[in-house]
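Everything below belongs to entry_22.csv, which stores CSV, C-alpha atoms.
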```csv
chain,number,residue,atom,x,y,z
J,1,MET,CA,84.5,33.2,125.1
J,2,PRO,CA,86.3,35.1,127.9
J,3,THR,CA,87.9,33.0,130.5
J,4,SER,CA,86.8,33.6,134.1
J,5,ARG,CA,87.0,31.9,137.5
J,6,SER,CA,83.4,30.7,137.3
J,7,ASP,CA,84.3,28.6,134.2
J,8,TRP,CA,86.6,26.4,136.3
J,9,GLY,CA,83.9,24.1,137.5
J,10,TRP,CA,82.4,23.0,134.2
J,11,ARG,CA,85.8,22.8,132.6
J,12,ALA,CA,87.0,20.4,135.3
J,13,SER,CA,83.8,18.3,135.1
J,14,LEU,CA,84.1,18.2,131.3
J,15,LEU,CA,87.7,17.0,131.6
J,16,ALA,CA,86.7,14.5,134.3
J,17,GLY,CA,84.1,13.1,131.8
J,18,MET,CA,86.7,12.8,129.0
J,19,VAL,CA,89.3,11.0,131.1
J,20,SER,CA,86.5,8.6,132.4
J,21,ALA,CA,85.7,7.6,128.8
J,22,PRO,CA,88.3,4.8,128.7
J,23,ALA,CA,86.6,3.2,131.7
J,24,LEU,CA,83.2,3.4,130.0
J,25,PHE,CA,84.8,1.9,126.9
J,26,TRP,CA,86.2,-1.0,128.9
J,27,LEU,CA,82.8,-1.6,130.6
J,28,VAL,CA,81.0,-1.7,127.3
J,29,SER,CA,83.5,-3.6,125.2
J,30,GLY,CA,85.6,-5.5,127.7
J,31,GLN,CA,88.7,-4.3,125.9
J,32,SER,CA,91.3,-1.7,126.7
J,33,VAL,CA,91.6,1.3,124.5
J,34,PRO,CA,93.7,0.5,121.4
J,35,VAL,CA,96.7,2.9,121.6
J,36,GLN,CA,99.8,2.5,119.4
J,37,VAL,CA,102.5,5.2,119.7
J,38,PRO,CA,104.9,5.1,116.8
J,39,VAL,CA,107.1,7.9,118.1
J,40,SER,CA,109.3,8.3,121.2
J,41,SER,CA,108.1,9.6,124.5
J,42,ALA,CA,110.2,12.7,124.0
J,43,ALA,CA,108.5,13.4,120.7
J,44,MET,CA,105.1,12.9,122.4
J,45,ILE,CA,106.0,15.5,125.1
J,46,ILE,CA,107.3,18.0,122.6
J,47,GLY,CA,104.4,17.4,120.3
J,48,GLY,CA,101.9,17.8,123.1
J,49,LEU,CA,103.5,21.1,124.0
J,50,ILE,CA,103.4,22.4,120.4
J,51,VAL,CA,99.7,21.3,120.2
J,52,GLY,CA,98.9,23.2,123.4
J,53,VAL,CA,100.6,26.4,122.3
J,54,GLY,CA,99.1,26.1,118.8
J,55,VAL,CA,95.5,25.7,119.9
J,56,THR,CA,95.8,28.5,122.4
J,57,PHE,CA,97.0,31.0,119.7
J,58,GLY,CA,94.9,29.4,116.9
J,59,GLY,CA,91.7,29.5,119.1
J,60,GLY,CA,90.7,25.9,118.4
J,61,CYS,CA,91.6,22.3,117.4
J,62,THR,CA,90.1,19.6,115.2
J,63,SER,CA,86.9,19.6,117.3
J,64,GLY,CA,86.7,23.4,117.9
J,65,HIS,CA,87.5,24.6,114.4
J,66,GLY,CA,87.2,21.4,112.4
J,67,VAL,CA,83.8,20.3,113.7
J,68,CYS,CA,82.1,23.1,115.6
J,69,GLY,CA,83.4,26.0,113.5
J,70,ILE,CA,82.9,24.4,110.1
J,71,ALA,CA,79.4,23.3,111.2
J,72,ARG,CA,78.7,27.1,111.6
J,73,LEU,CA,80.4,27.8,108.3
J,74,SER,CA,82.9,30.1,110.1
J,75,PRO,CA,85.5,31.4,107.7
J,76,ARG,CA,88.1,31.5,110.5
J,77,SER,CA,87.5,27.9,111.3
J,78,ILE,CA,87.6,26.8,107.6
J,79,VAL,CA,91.0,28.6,107.2
J,80,ALA,CA,92.3,27.2,110.5
J,81,THR,CA,91.3,23.6,109.5
J,82,VAL,CA,92.9,23.8,106.1
J,83,VAL,CA,96.1,25.3,107.6
J,84,PHE,CA,96.5,22.6,110.4
J,85,MET,CA,95.7,19.7,108.1
J,86,ILE,CA,98.3,20.9,105.6
J,87,ALA,CA,100.9,21.5,108.4
J,88,ALA,CA,100.2,18.0,109.8
J,89,ALA,CA,100.5,16.3,106.4
J,90,VAL,CA,103.8,18.2,105.7
J,91,THR,CA,105.2,17.3,109.1
J,92,VAL,CA,104.3,13.6,108.7
J,93,TYR,CA,105.8,13.6,105.2
J,94,VAL,CA,109.0,15.3,106.3
J,95,THR,CA,109.5,13.1,109.4
J,96,ARG,CA,108.6,9.9,107.7
J,97,HIS,CA,109.7,10.2,104.1
J,98,VAL,CA,112.4,12.8,104.1
J,99,PHE,CA,114.3,12.3,107.3
J,100,GLY,CA,112.3,9.3,108.4
J,101,THR,CA,112.6,5.6,109.1
J,102,GLY,CA,109.6,4.6,107.0
J,103,ILE,CA,106.8,3.8,109.5
J,104,GLY,CA,108.0,5.4,112.7
J,105,GLY,CA,109.1,8.8,111.8
J,106,ALA,CA,112.3,10.6,112.9
J,107,LEU,CA,110.9,12.4,116.0
T,1,MET,CA,75.2,20.4,140.3
T,2,MET,CA,73.0,19.5,137.4
T,3,ARG,CA,75.3,21.6,135.1
T,4,PHE,CA,78.4,19.7,136.2
T,5,LEU,CA,76.6,16.4,135.7
T,6,MET,CA,75.7,17.5,132.2
T,7,THR,CA,79.2,18.7,131.3
T,8,PHE,CA,80.6,15.5,132.8
T,9,ALA,CA,78.3,13.5,130.5
T,10,ILE,CA,79.2,15.6,127.5
T,11,GLY,CA,82.9,15.0,128.2
T,12,LEU,CA,82.2,11.3,128.6
T,13,ILE,CA,80.3,11.0,125.4
T,14,PHE,CA,82.9,13.0,123.5
T,15,GLY,CA,85.8,10.8,124.9
T,16,PHE,CA,83.8,7.6,124.2
T,17,GLY,CA,83.2,8.7,120.6
T,18,ILE,CA,86.9,9.6,120.1
T,19,ILE,CA,87.9,6.1,121.4
T,20,LEU,CA,85.3,4.3,119.4
T,21,GLY,CA,86.4,6.1,116.2
T,22,GLY,CA,90.0,5.0,116.9
T,23,MET,CA,91.1,8.6,117.3
T,24,ALA,CA,92.6,8.0,120.8
T,25,ASN,CA,95.2,6.0,118.9
T,26,PRO,CA,98.1,8.3,117.8
T,27,ALA,CA,99.1,5.8,115.1
T,28,LYS,CA,95.8,6.0,113.4
T,29,VAL,CA,95.8,9.8,113.5
T,30,LEU,CA,99.3,10.0,112.1
T,31,ASN,CA,98.5,7.5,109.4
T,32,PHE,CA,95.7,9.8,108.1
T,33,PHE,CA,98.3,12.3,107.2
T,34,ASP,CA,100.7,9.8,105.7
T,35,VAL,CA,99.1,9.8,102.2
T,36,ALA,CA,102.5,8.8,100.7
T,37,GLY,CA,102.8,5.8,103.1
T,38,THR,CA,100.5,3.9,105.4
T,39,TRP,CA,97.4,6.0,104.7
T,40,ASP,CA,94.4,5.4,106.9
T,41,PRO,CA,91.2,7.4,106.0
T,42,SER,CA,89.5,6.9,109.3
T,43,LEU,CA,89.9,10.4,110.5
T,44,ALA,CA,88.0,11.8,107.5
T,45,PHE,CA,85.0,9.6,108.3
T,46,VAL,CA,85.1,10.4,112.1
T,47,MET,CA,85.4,14.1,111.4
T,48,GLY,CA,82.9,14.0,108.5
T,49,GLY,CA,80.4,12.1,110.7
T,50,ALA,CA,80.9,14.5,113.6
T,51,LEU,CA,80.5,17.5,111.3
T,52,GLY,CA,77.3,16.3,109.9
T,53,VAL,CA,75.7,15.6,113.3
T,54,THR,CA,77.0,19.0,114.6
T,55,ALA,CA,75.8,21.0,111.6
T,56,LEU,CA,72.3,19.4,111.9
T,57,GLY,CA,72.3,19.8,115.6
T,58,TYR,CA,73.1,23.5,115.3
T,59,ARG,CA,70.2,24.1,112.9
T,60,PHE,CA,67.8,22.9,115.6
T,61,VAL,CA,69.4,24.0,118.8
T,62,LEU,CA,70.4,27.6,117.7
T,63,ARG,CA,66.8,28.2,116.6
T,64,ARG,CA,65.7,27.9,120.2
T,65,PRO,CA,65.4,31.1,122.3
T,66,GLY,CA,68.3,30.0,124.6
T,67,PRO,CA,70.2,27.1,126.2
T,68,ARG,CA,68.6,25.2,129.0
T,69,MET,CA,71.5,25.5,131.5
T,70,ALA,CA,72.9,29.0,130.7
T,71,ASP,CA,71.5,32.4,130.0
T,72,VAL,CA,72.7,32.7,126.4
T,73,PHE,CA,74.4,30.7,123.7
T,74,HIS,CA,78.1,31.4,123.8
T,75,LEU,CA,79.2,31.5,120.2
T,76,PRO,CA,82.6,32.8,118.9
T,77,THR,CA,82.4,36.4,117.8
T,78,LEU,CA,85.9,36.8,116.2
T,79,ARG,CA,85.7,37.2,112.5
T,80,SER,CA,89.2,38.2,111.5
T,81,ILE,CA,91.6,35.8,109.8
T,82,ASP,CA,94.8,37.1,111.5
T,83,ALA,CA,98.3,36.0,112.3
T,84,PRO,CA,97.6,34.2,115.6
T,85,LEU,CA,95.0,32.1,113.8
T,86,ILE,CA,97.4,31.1,111.0
T,87,ALA,CA,100.5,30.7,113.2
T,88,GLY,CA,98.6,28.8,116.0
T,89,SER,CA,96.9,26.5,113.5
T,90,THR,CA,100.2,25.8,111.8
T,91,ALA,CA,101.8,24.9,115.2
T,92,PHE,CA,98.9,22.7,116.1
T,93,GLY,CA,99.2,20.8,112.8
T,94,VAL,CA,103.0,20.4,113.3
T,95,GLY,CA,102.5,19.2,116.9
```
For this file, produce the structure as C-alpha coordinates.
Amino acid sequence: MPTSRSDWGWRASLLAGMVSAPALFWLVSGQSVPVQVPVSSAAMIIGGLIVGVGVTFGGGCTSGHGVCGIARLSPRSIVATVVFMIAAAVTVYVTRHVFGTGIGGAL
Amino acid sequence: MMRFLMTFAIGLIFGFGIILGGMANPAKVLNFFDVAGTWDPSLAFVMGGALGVTALGYRFVLRRPGPRMADVFHLPTLRSIDAPLIAGSTAFGVG
(Lines of atoms letter the chains of each structure in order from A and count residues from 1; the text may use other names and numbers.)
(Lines give C-alpha, C1' and ligand atoms only; values in the text may rest on other atoms or scores of the structure.)
Protein backbone atom coordinates (compact mmCIF):
# COMPACT_ATOMS: atom_id res chain seq x y z
CA MET A 1 0.00 0.00 0.00
CA PRO A 2 1.53 3.37 -0.95
CA THR A 3 2.25 5.68 1.94
CA SER A 4 0.54 9.05 1.85
CA ARG A 5 -0.06 11.92 4.24
CA SER A 6 -3.66 10.87 4.75
CA ASP A 7 -2.48 7.57 6.27
CA TRP A 8 -0.90 9.40 9.21
CA GLY A 9 -4.11 9.58 11.28
CA TRP A 10 -5.13 5.94 11.32
CA ARG A 11 -1.53 4.84 11.80
CA ALA A 12 -1.19 7.08 14.85
CA SER A 13 -4.47 5.86 16.33
CA LEU A 14 -3.50 2.22 15.70
CA LEU A 15 -0.20 2.78 17.52
CA ALA A 16 -2.02 4.60 20.33
CA GLY A 17 -4.25 1.53 20.72
CA MET A 18 -1.23 -0.79 20.81
CA VAL A 19 0.66 1.19 23.45
CA SER A 20 -2.55 1.37 25.52
CA ALA A 21 -2.78 -2.42 25.61
CA PRO A 22 -0.59 -2.83 28.75
CA ALA A 23 -3.04 -0.53 30.60
CA LEU A 24 -5.98 -2.69 29.50
CA PHE A 25 -4.06 -5.81 30.54
CA TRP A 26 -3.42 -4.28 33.95
CA LEU A 27 -7.11 -3.33 34.34
CA VAL A 28 -8.27 -6.84 33.43
CA SER A 29 -5.67 -8.93 35.26
CA GLY A 30 -4.40 -6.62 38.00
CA GLN A 31 -0.88 -7.60 36.97
CA SER A 32 1.80 -5.78 35.05
CA VAL A 33 2.92 -7.18 31.71
CA PRO A 34 5.52 -9.94 32.17
CA VAL A 35 8.69 -8.74 30.48
CA GLN A 36 12.09 -10.38 30.85
CA VAL A 37 14.93 -9.02 28.77
CA PRO A 38 17.81 -11.50 28.70
CA VAL A 39 20.08 -9.20 26.67
CA SER A 40 21.76 -5.84 27.28
CA SER A 41 20.10 -2.50 26.54
CA ALA A 42 22.65 -1.90 23.80
CA ALA A 43 21.67 -5.21 22.18
CA MET A 44 17.97 -4.24 22.40
CA ILE A 45 18.65 -0.93 20.64
CA ILE A 46 20.79 -2.50 17.92
CA GLY A 47 18.26 -5.33 17.53
CA GLY A 48 15.37 -2.87 17.27
CA LEU A 49 17.19 -0.93 14.58
CA ILE A 50 17.90 -4.09 12.55
CA VAL A 51 14.25 -5.15 12.95
CA GLY A 52 13.04 -1.78 11.66
CA VAL A 53 15.33 -1.79 8.64
CA GLY A 54 14.51 -5.45 7.94
CA VAL A 55 10.72 -5.09 7.97
CA THR A 56 10.96 -1.97 5.79
CA PHE A 57 12.90 -3.75 3.05
CA GLY A 58 11.18 -7.10 3.60
CA GLY A 59 7.73 -5.54 3.50
CA GLY A 60 6.43 -7.17 6.66
CA CYS A 61 7.02 -8.91 9.97
CA THR A 62 5.64 -11.88 11.88
CA SER A 63 2.16 -10.33 11.77
CA GLY A 64 2.25 -8.94 8.23
CA HIS A 65 3.90 -11.83 6.46
CA GLY A 66 3.62 -14.60 9.05
CA VAL A 67 -0.08 -14.19 9.85
CA CYS A 68 -1.81 -11.95 7.29
CA GLY A 69 0.29 -12.99 4.29
CA ILE A 70 0.27 -16.71 4.94
CA ALA A 71 -3.49 -16.50 5.64
CA ARG A 72 -3.84 -15.30 2.03
CA LEU A 73 -1.40 -18.02 0.90
CA SER A 74 0.92 -15.34 -0.51
CA PRO A 75 4.12 -16.97 -1.86
CA ARG A 76 6.13 -13.86 -0.92
CA SER A 77 4.95 -14.08 2.67
CA ILE A 78 5.61 -17.81 2.96
CA VAL A 79 9.17 -17.28 1.69
CA ALA A 80 9.70 -14.26 3.99
CA THR A 81 8.43 -16.14 7.03
CA VAL A 82 10.66 -19.17 6.41
CA VAL A 83 13.65 -16.83 5.85
CA PHE A 84 13.20 -14.76 9.03
CA MET A 85 12.45 -17.81 11.17
CA ILE A 86 15.66 -19.49 10.00
CA ALA A 87 17.64 -16.23 10.43
CA ALA A 88 16.31 -15.81 13.98
CA ALA A 89 17.06 -19.43 14.94
CA VAL A 90 20.60 -19.18 13.53
CA THR A 91 21.16 -15.87 15.36
CA VAL A 92 19.96 -17.31 18.68
CA TYR A 93 22.04 -20.45 18.17
CA VAL A 94 25.19 -18.48 17.34
CA THR A 95 24.80 -15.92 20.15
CA ARG A 96 23.83 -18.47 22.79
CA HIS A 97 25.63 -21.67 21.92
CA VAL A 98 28.62 -20.65 19.82
CA PHE A 99 29.76 -17.35 21.37
CA GLY A 100 27.22 -17.33 24.12
CA THR A 101 26.90 -17.49 27.83
CA GLY A 102 24.26 -20.22 27.87
CA ILE A 103 20.97 -18.51 28.73
CA GLY A 104 21.66 -14.85 28.03
CA GLY A 105 23.44 -14.75 24.74
CA ALA A 106 26.49 -12.71 23.86
CA LEU A 107 24.82 -9.57 22.55
CA MET B 1 -13.54 10.05 13.93
CA MET B 2 -15.28 6.67 13.84
CA ARG B 3 -12.39 5.37 11.70
CA PHE B 4 -9.83 6.45 14.29
CA LEU B 5 -11.83 4.86 17.09
CA MET B 6 -11.89 1.63 15.10
CA THR B 7 -8.15 1.65 14.36
CA PHE B 8 -7.49 2.49 18.03
CA ALA B 9 -9.62 -0.51 19.06
CA ILE B 10 -7.82 -2.72 16.52
CA GLY B 11 -4.43 -1.68 17.92
CA LEU B 12 -5.67 -2.26 21.45
CA ILE B 13 -6.98 -5.76 20.68
CA PHE B 14 -3.78 -6.63 18.80
CA GLY B 15 -1.58 -5.41 21.67
CA PHE B 16 -3.74 -7.16 24.27
CA GLY B 17 -3.48 -10.42 22.32
CA ILE B 18 0.30 -10.08 22.05
CA ILE B 19 0.58 -9.52 25.82
CA LEU B 20 -1.85 -12.32 26.70
CA GLY B 21 0.07 -14.70 24.44
CA GLY B 22 3.29 -13.77 26.24
CA MET B 23 4.75 -12.35 23.05
CA ALA B 24 5.47 -8.94 24.61
CA ASN B 25 8.14 -10.79 26.61
CA PRO B 26 11.46 -10.84 24.72
CA ALA B 27 12.67 -13.84 26.72
CA LYS B 28 9.74 -16.01 25.52
CA VAL B 29 10.20 -14.98 21.90
CA LEU B 30 13.95 -15.68 22.04
CA ASN B 31 13.35 -19.04 23.70
CA PHE B 32 11.14 -20.12 20.78
CA PHE B 33 14.23 -19.96 18.58
CA ASP B 34 16.48 -21.66 21.11
CA VAL B 35 15.66 -25.21 20.05
CA ALA B 36 19.05 -26.42 21.32
CA GLY B 37 18.56 -24.76 24.71
CA THR B 38 15.62 -23.41 26.70
CA TRP B 39 13.03 -24.06 23.99
CA ASP B 40 9.55 -22.57 24.50
CA PRO B 41 6.95 -23.47 21.82
CA SER B 42 4.53 -20.65 22.80
CA LEU B 43 5.18 -18.57 19.68
CA ALA B 44 4.08 -21.43 17.42
CA PHE B 45 0.74 -21.67 19.24
CA VAL B 46 0.16 -17.90 19.26
CA MET B 47 1.08 -17.62 15.59
CA GLY B 48 -0.86 -20.74 14.64
CA GLY B 49 -3.94 -19.49 16.47
CA ALA B 50 -3.69 -16.07 14.86
CA LEU B 51 -3.18 -17.65 11.46
CA GLY B 52 -6.27 -19.83 11.80
CA VAL B 53 -8.49 -16.95 12.87
CA THR B 54 -7.11 -14.67 10.14
CA ALA B 55 -7.45 -17.25 7.36
CA LEU B 56 -11.04 -17.94 8.40
CA GLY B 57 -11.77 -14.21 8.74
CA TYR B 58 -10.40 -13.48 5.26
CA ARG B 59 -12.69 -16.11 3.76
CA PHE B 60 -15.74 -14.28 5.06
CA VAL B 61 -14.59 -10.67 4.91
CA LEU B 62 -13.02 -10.67 1.44
CA ARG B 63 -16.21 -12.17 0.00
CA ARG B 64 -18.00 -8.91 0.85
CA PRO B 65 -18.26 -6.23 -1.85
CA GLY B 66 -16.10 -3.84 0.17
CA PRO B 67 -14.92 -2.71 3.60
CA ARG B 68 -17.22 -0.67 5.83
CA MET B 69 -14.89 2.23 6.50
CA ALA B 70 -12.90 2.50 3.28
CA ASP B 71 -13.64 2.43 -0.44
CA VAL B 72 -11.76 -0.74 -1.29
CA PHE B 73 -9.86 -3.58 0.39
CA HIS B 74 -6.17 -2.68 0.37
CA LEU B 75 -4.37 -5.93 -0.34
CA PRO B 76 -0.70 -6.32 -1.26
CA THR B 77 -0.17 -6.54 -5.00
CA LEU B 78 3.54 -7.42 -5.17
CA ARG B 79 4.13 -10.98 -6.35
CA SER B 80 7.87 -11.13 -6.96
CA ILE B 81 10.24 -12.91 -4.60
CA ASP B 82 13.12 -10.45 -4.90
CA ALA B 83 16.33 -9.43 -3.15
CA PRO B 84 14.76 -6.80 -0.82
CA LEU B 85 12.28 -9.42 0.43
CA ILE B 86 15.01 -11.97 1.19
CA ALA B 87 17.56 -9.48 2.58
CA GLY B 88 14.96 -7.59 4.61
CA SER B 89 13.47 -10.75 6.08
CA THR B 90 16.94 -12.06 6.94
CA ALA B 91 17.72 -8.79 8.75
CA PHE B 92 14.39 -8.93 10.57
CA GLY B 93 15.14 -12.46 11.74
CA VAL B 94 18.63 -11.51 12.92
CA GLY B 95 17.27 -8.44 14.73
Using only C-alpha atoms, find which residues of chain T lie within 7 Å of chain J and jot them down as number ranges by chain.
-> T: 4, 7-12, 14-16, 19, 24-27, 33-34, 47, 50-51, 54-55, 74, 76, 79-81, 84-95
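Between CA of Val46 in chain T and CA of Met23 in chain T lies a distance of 8.1 Å.
Note that CA of Tyr58 in chain T and CA of Ser4 in chain J are 25.4 Å apart.
Remark: for Phe45 in chain T, the closest of the candidate residues T:Asp82, T:Gly21, T:Lys28, T:Met6 is T:Gly21 (distances computed over only C-alpha atoms).
Counting from CA of Thr77 in chain T, the distance to CA of Val61 in chain T is 18.0 Å.
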